[in-house]
$ cat protein01.cif   # mmCIF, C-alpha atoms
data_target
loop_
_atom_site.label_atom_id
_atom_site.label_comp_id
_atom_site.auth_asym_id
_atom_site.auth_seq_id
_atom_site.Cartn_x
_atom_site.Cartn_y
_atom_site.Cartn_z
CA MET A 8 -17.81 -55.19 17.15
CA MET A 9 -19.43 -53.82 14.01
CA GLN A 10 -17.20 -53.49 10.98
CA ILE A 11 -17.81 -50.70 8.48
CA ILE A 12 -17.37 -51.77 4.89
CA ASN A 13 -15.67 -49.12 2.79
CA ASP A 14 -15.84 -51.05 -0.48
CA PRO A 15 -17.64 -48.76 -2.98
CA ALA A 16 -18.75 -51.77 -5.04
CA SER A 17 -20.80 -53.03 -2.07
CA ASN A 18 -22.94 -49.88 -2.15
CA LYS A 19 -25.87 -50.43 -4.49
CA HIS A 20 -25.87 -46.73 -5.34
CA SER A 21 -22.21 -46.56 -6.34
CA LEU A 22 -21.19 -45.63 -9.86
CA ILE A 23 -19.09 -48.79 -10.13
CA ASN A 24 -22.06 -50.96 -9.20
CA MET A 25 -24.31 -49.14 -11.69
CA MET A 26 -21.72 -49.63 -14.44
CA ASN A 27 -21.36 -53.31 -13.54
CA ARG A 28 -25.15 -53.78 -13.72
CA PHE A 29 -25.27 -52.29 -17.21
CA ILE A 30 -22.30 -54.34 -18.38
CA ALA A 31 -23.88 -57.51 -16.93
CA ALA A 32 -27.19 -56.73 -18.68
CA ALA A 33 -25.35 -56.05 -21.96
CA ASN A 34 -23.33 -59.27 -21.61
CA ASN A 35 -26.54 -61.21 -20.93
CA MET A 36 -28.07 -59.59 -24.02
CA ASP A 37 -25.02 -60.52 -26.09
CA GLU A 38 -25.02 -64.14 -24.83
CA THR A 39 -28.76 -64.53 -25.40
CA ILE A 40 -28.91 -63.03 -28.87
CA MET A 41 -27.12 -65.71 -30.83
CA VAL A 42 -28.17 -64.41 -34.26
CA PRO A 43 -28.31 -60.60 -34.09
CA SER A 44 -29.28 -60.30 -37.75
CA LEU A 45 -32.70 -61.72 -36.83
CA LEU A 46 -33.33 -58.39 -35.11
CA ARG A 47 -33.26 -56.55 -38.42
CA ASP A 48 -36.56 -54.94 -39.41
CA MET A 49 -38.07 -55.72 -36.00
CA PRO A 50 -39.54 -52.47 -34.66
CA LEU A 51 -38.34 -51.34 -31.27
CA GLU A 52 -41.81 -50.93 -29.87
CA GLU A 53 -44.05 -53.95 -29.69
CA ARG A 54 -47.46 -53.43 -31.25
CA ALA A 55 -49.23 -54.53 -28.06
CA GLU A 56 -47.34 -51.96 -26.00
CA ALA A 57 -48.04 -49.22 -28.53
CA ALA A 58 -51.78 -49.98 -28.40
CA GLU A 59 -51.82 -49.59 -24.61
CA ILE A 60 -50.59 -46.00 -24.85
CA GLU A 61 -53.29 -43.39 -25.29
CA PRO A 62 -53.09 -41.55 -28.64
CA ASN A 63 -52.86 -38.12 -26.92
CA ASN A 64 -50.19 -39.23 -24.47
CA ASN A 65 -46.90 -37.70 -25.62
CA GLN A 66 -45.23 -38.40 -22.27
CA HIS A 67 -44.07 -41.88 -23.40
CA GLN A 68 -42.20 -40.39 -26.34
CA GLN A 69 -40.50 -37.84 -24.09
CA GLN A 70 -39.31 -40.51 -21.65
CA GLN A 71 -37.54 -42.61 -24.28
CA PRO A 72 -36.28 -40.26 -27.00
CA CYS A 73 -33.16 -42.30 -27.74
CA LEU A 74 -35.25 -45.38 -28.57
CA ASN A 75 -36.71 -43.58 -31.57
CA LYS A 76 -33.29 -42.79 -33.07
CA GLN A 77 -32.67 -46.43 -33.90
CA ARG A 78 -34.96 -47.76 -36.60
CA ASP A 79 -35.02 -51.38 -35.49
CA MET A 80 -33.95 -53.72 -32.70
CA TYR A 81 -30.74 -54.59 -34.55
CA GLU A 82 -29.49 -51.00 -34.53
CA HIS A 83 -30.44 -50.68 -30.88
CA TYR A 84 -28.56 -53.91 -30.11
CA LEU A 85 -25.46 -52.51 -31.86
CA LEU A 86 -25.76 -49.23 -29.94
CA LEU A 87 -25.95 -50.96 -26.55
CA LYS A 88 -23.04 -53.23 -27.45
CA SER A 89 -20.96 -50.26 -28.62
CA ILE A 90 -21.61 -48.32 -25.41
CA LYS A 91 -20.61 -51.36 -23.35
CA ASN A 92 -17.38 -51.71 -25.33
CA ASP A 93 -16.59 -48.00 -24.89
CA MET A 94 -17.12 -48.37 -21.13
CA GLU A 95 -14.93 -51.45 -20.89
CA TRP A 96 -12.11 -50.43 -23.22
CA GLY A 97 -12.14 -46.65 -22.97
CA LEU A 98 -11.67 -44.26 -25.83
CA LEU A 99 -9.39 -46.32 -28.02
CA LYS A 100 -8.94 -45.12 -31.57
CA ARG A 101 -11.20 -47.04 -33.86
CA GLU A 102 -8.94 -48.15 -36.66
CA LEU A 103 -11.64 -49.78 -38.75
CA SER A 104 -14.25 -47.10 -38.22
CA SER A 105 -14.21 -43.79 -40.02
CA GLY A 106 -16.36 -41.99 -37.46
CA ALA A 107 -15.51 -41.12 -33.89
CA SER A 108 -17.85 -41.93 -31.04
CA PHE A 109 -19.51 -39.19 -29.03
CA LEU A 110 -17.11 -39.85 -26.16
CA GLU A 111 -14.08 -39.49 -28.43
CA MET A 112 -15.36 -36.19 -29.80
CA ALA A 113 -15.94 -34.85 -26.27
CA VAL A 114 -12.40 -35.76 -25.21
CA LYS A 115 -10.92 -34.12 -28.32
CA GLN A 116 -12.84 -30.91 -27.56
CA GLU A 117 -11.49 -30.87 -24.01
CA GLU A 118 -7.93 -31.48 -25.24
CA GLN A 119 -8.15 -28.57 -27.69
CA LYS A 120 -9.07 -26.02 -25.00
CA PRO A 121 -6.13 -23.78 -24.12
CA VAL A 122 -4.50 -24.48 -20.76
CA THR A 123 -3.80 -21.39 -18.68
CA GLY A 124 -1.12 -21.08 -16.03
CA ASP A 125 -3.56 -19.72 -13.45
CA LEU A 126 -3.82 -21.57 -10.18
CA PRO A 127 -7.30 -22.85 -9.45
CA ASN A 128 -9.12 -20.77 -6.89
CA GLU A 129 -11.93 -21.76 -4.56
CA ASP A 130 -14.65 -20.64 -7.01
CA THR A 131 -13.23 -22.89 -9.70
CA ASN A 132 -13.10 -25.82 -7.30
CA SER A 133 -16.72 -25.37 -6.23
CA ASP A 134 -17.68 -25.06 -9.91
CA LEU A 135 -15.86 -28.34 -10.60
CA GLU A 136 -17.73 -29.98 -7.74
CA GLU A 137 -21.06 -28.76 -9.12
CA GLN A 138 -20.13 -29.99 -12.60
CA PHE A 139 -19.08 -33.36 -11.20
CA HIS A 140 -22.36 -33.84 -9.33
CA PHE A 141 -24.40 -32.70 -12.33
CA HIS A 142 -22.67 -35.16 -14.63
CA LEU A 143 -22.74 -37.94 -12.02
CA ARG A 144 -26.54 -37.62 -11.73
CA GLY A 145 -26.79 -37.69 -15.51
CA LEU A 146 -24.53 -40.72 -15.75
CA PHE A 147 -26.61 -42.59 -13.17
CA GLY A 148 -29.78 -41.80 -15.12
CA VAL A 149 -28.29 -42.87 -18.45
CA LEU A 150 -26.79 -46.10 -17.06
CA SER A 151 -30.11 -46.97 -15.43
CA LYS A 152 -31.99 -46.47 -18.70
CA LEU A 153 -29.39 -48.40 -20.70
CA THR A 154 -29.63 -51.32 -18.27
CA VAL A 155 -33.42 -51.40 -18.58
CA GLN A 156 -33.17 -51.21 -22.37
CA ALA A 157 -30.63 -54.06 -22.56
CA ASP A 158 -32.88 -56.23 -20.35
CA HIS A 159 -35.93 -55.29 -22.43
CA LEU A 160 -34.16 -56.10 -25.71
CA THR A 161 -33.03 -59.47 -24.33
CA ASN A 162 -36.52 -60.41 -23.13
CA ARG A 163 -38.13 -59.22 -26.34
CA TYR A 164 -35.69 -61.28 -28.41
CA LYS A 165 -36.59 -64.33 -26.34
CA ARG A 166 -40.31 -63.75 -26.93
CA GLU A 167 -39.99 -62.99 -30.64
CA ILE A 168 -37.54 -65.77 -31.50
CA GLY A 169 -39.19 -68.40 -29.33
CA GLY A 170 -36.81 -68.57 -26.41
CA GLY A 171 -39.48 -67.50 -23.93
CA ASN A 172 -39.36 -70.88 -22.22
CA PHE A 173 -35.76 -70.27 -21.22
CA MET A 174 -36.22 -66.89 -19.53
CA ARG A 175 -34.37 -66.61 -16.23
#
$ encode --input "protein01.cif" --output "structure tokens"
Amino acid sequence: MMQIINDPASNKHSLINMMNRFIAAANNMDETIMVPSLLRDMPLEERAEAAEIEPNNNQHQQQQPCLNKQRDMYEHYLLLKSIKNDMEWGLLKRELSSGASFLEMAVKQEEQKPVTGDLPNEDTNSDLEEQFHFHLRGLFGVLSKLTVQADHLTNRYKREIGGGNFMR
């Protein structure tokens, strides 16, 4: 008799699995990078990789726009670590930080919208379903890119700092 597994974590395309892969990659990055300050002033893009890209090819810049926002590997490391912490701990108030994260600002905007007493109708429900699927696709894409970036940062750190012999 064949047993059907209903565990969403066993599906490689589940949101939970995608989140776990990013968190695992970020944890690996955090465990590997013992001295994050060594990442300061290290450009995100390696010179060898930049030379491989044709000068007229703007497609590479369009595929990774968020990489260019951070000036060096250290800032990118902090960003990935911050996103991982937000995913694990939720939208806790940051007592030591003066600025709110993007997620906190989005939640505050939703909380400030007026609540009406109208009952949801079928159009609203289908709109919610469309919104959910739109955001789910976006979340999958973002988590996939973040996972690749965390792995790339870890491997680059190993090469730059001399830990290349210990790569898994």
$ atom_distance --input "protein01.cif" --atom1 "atom CA of A:Ala32" --atom2 "atom CA of A:Gly169"
19.8 Å
$ atom_distance --input "protein01.cif" --atom1 "atom CA of A:Phe147" --atom2 "atom CA of A:Leu86"
18.1 Å
$ resolve_selection --input "protein01.cif" --expression "the PyMOL selection byres ((chain A and resi 95) around 12)" --output "ChimeraX atom specification"
/A:23,26-27,29-31,33-34,88-94,96-99
$ write_last_selection --input "protein01.cif" --atoms "C-alpha atoms" --output "mmCIF file, in the coordinates of the input"
data_model
loop_
_atom_site.group_PDB
_atom_site.id
_atom_site.type_symbol
_atom_site.label_atom_id
_atom_site.label_comp_id
_atom_site.auth_asym_id
_atom_site.auth_seq_id
_atom_site.Cartn_x
_atom_site.Cartn_y
_atom_site.Cartn_z
ATOM 1 C CA ILE A 23 -19.090 -48.790 -10.130
ATOM 2 C CA MET A 26 -21.720 -49.630 -14.440
ATOM 3 C CA ASN A 27 -21.360 -53.310 -13.540
ATOM 4 C CA PHE A 29 -25.270 -52.290 -17.210
ATOM 5 C CA ILE A 30 -22.300 -54.340 -18.380
ATOM 6 C CA ALA A 31 -23.880 -57.510 -16.930
ATOM 7 C CA ALA A 33 -25.350 -56.050 -21.960
ATOM 8 C CA ASN A 34 -23.330 -59.270 -21.610
ATOM 9 C CA LYS A 88 -23.040 -53.230 -27.450
ATOM 10 C CA SER A 89 -20.960 -50.260 -28.620
ATOM 11 C CA ILE A 90 -21.610 -48.320 -25.410
ATOM 12 C CA LYS A 91 -20.610 -51.360 -23.350
ATOM 13 C CA ASN A 92 -17.380 -51.710 -25.330
ATOM 14 C CA ASP A 93 -16.590 -48.000 -24.890
ATOM 15 C CA MET A 94 -17.120 -48.370 -21.130
ATOM 16 C CA TRP A 96 -12.110 -50.430 -23.220
ATOM 17 C CA GLY A 97 -12.140 -46.650 -22.970
ATOM 18 C CA LEU A 98 -11.670 -44.260 -25.830
ATOM 19 C CA LEU A 99 -9.390 -46.320 -28.020
#
$ atom_distance --input "protein01.cif" --atom1 "atom CA of A:Leu143" --atom2 "atom CA of A:Leu22"
8.1 Å
$ resolve_selection --input "protein01.cif" --expression "the PyMOL selection byres ((chain A and resi 151) around 12)" --output "PyMOL selection string"
chain A and resi 20+22+24-30+32+144-150+152-158
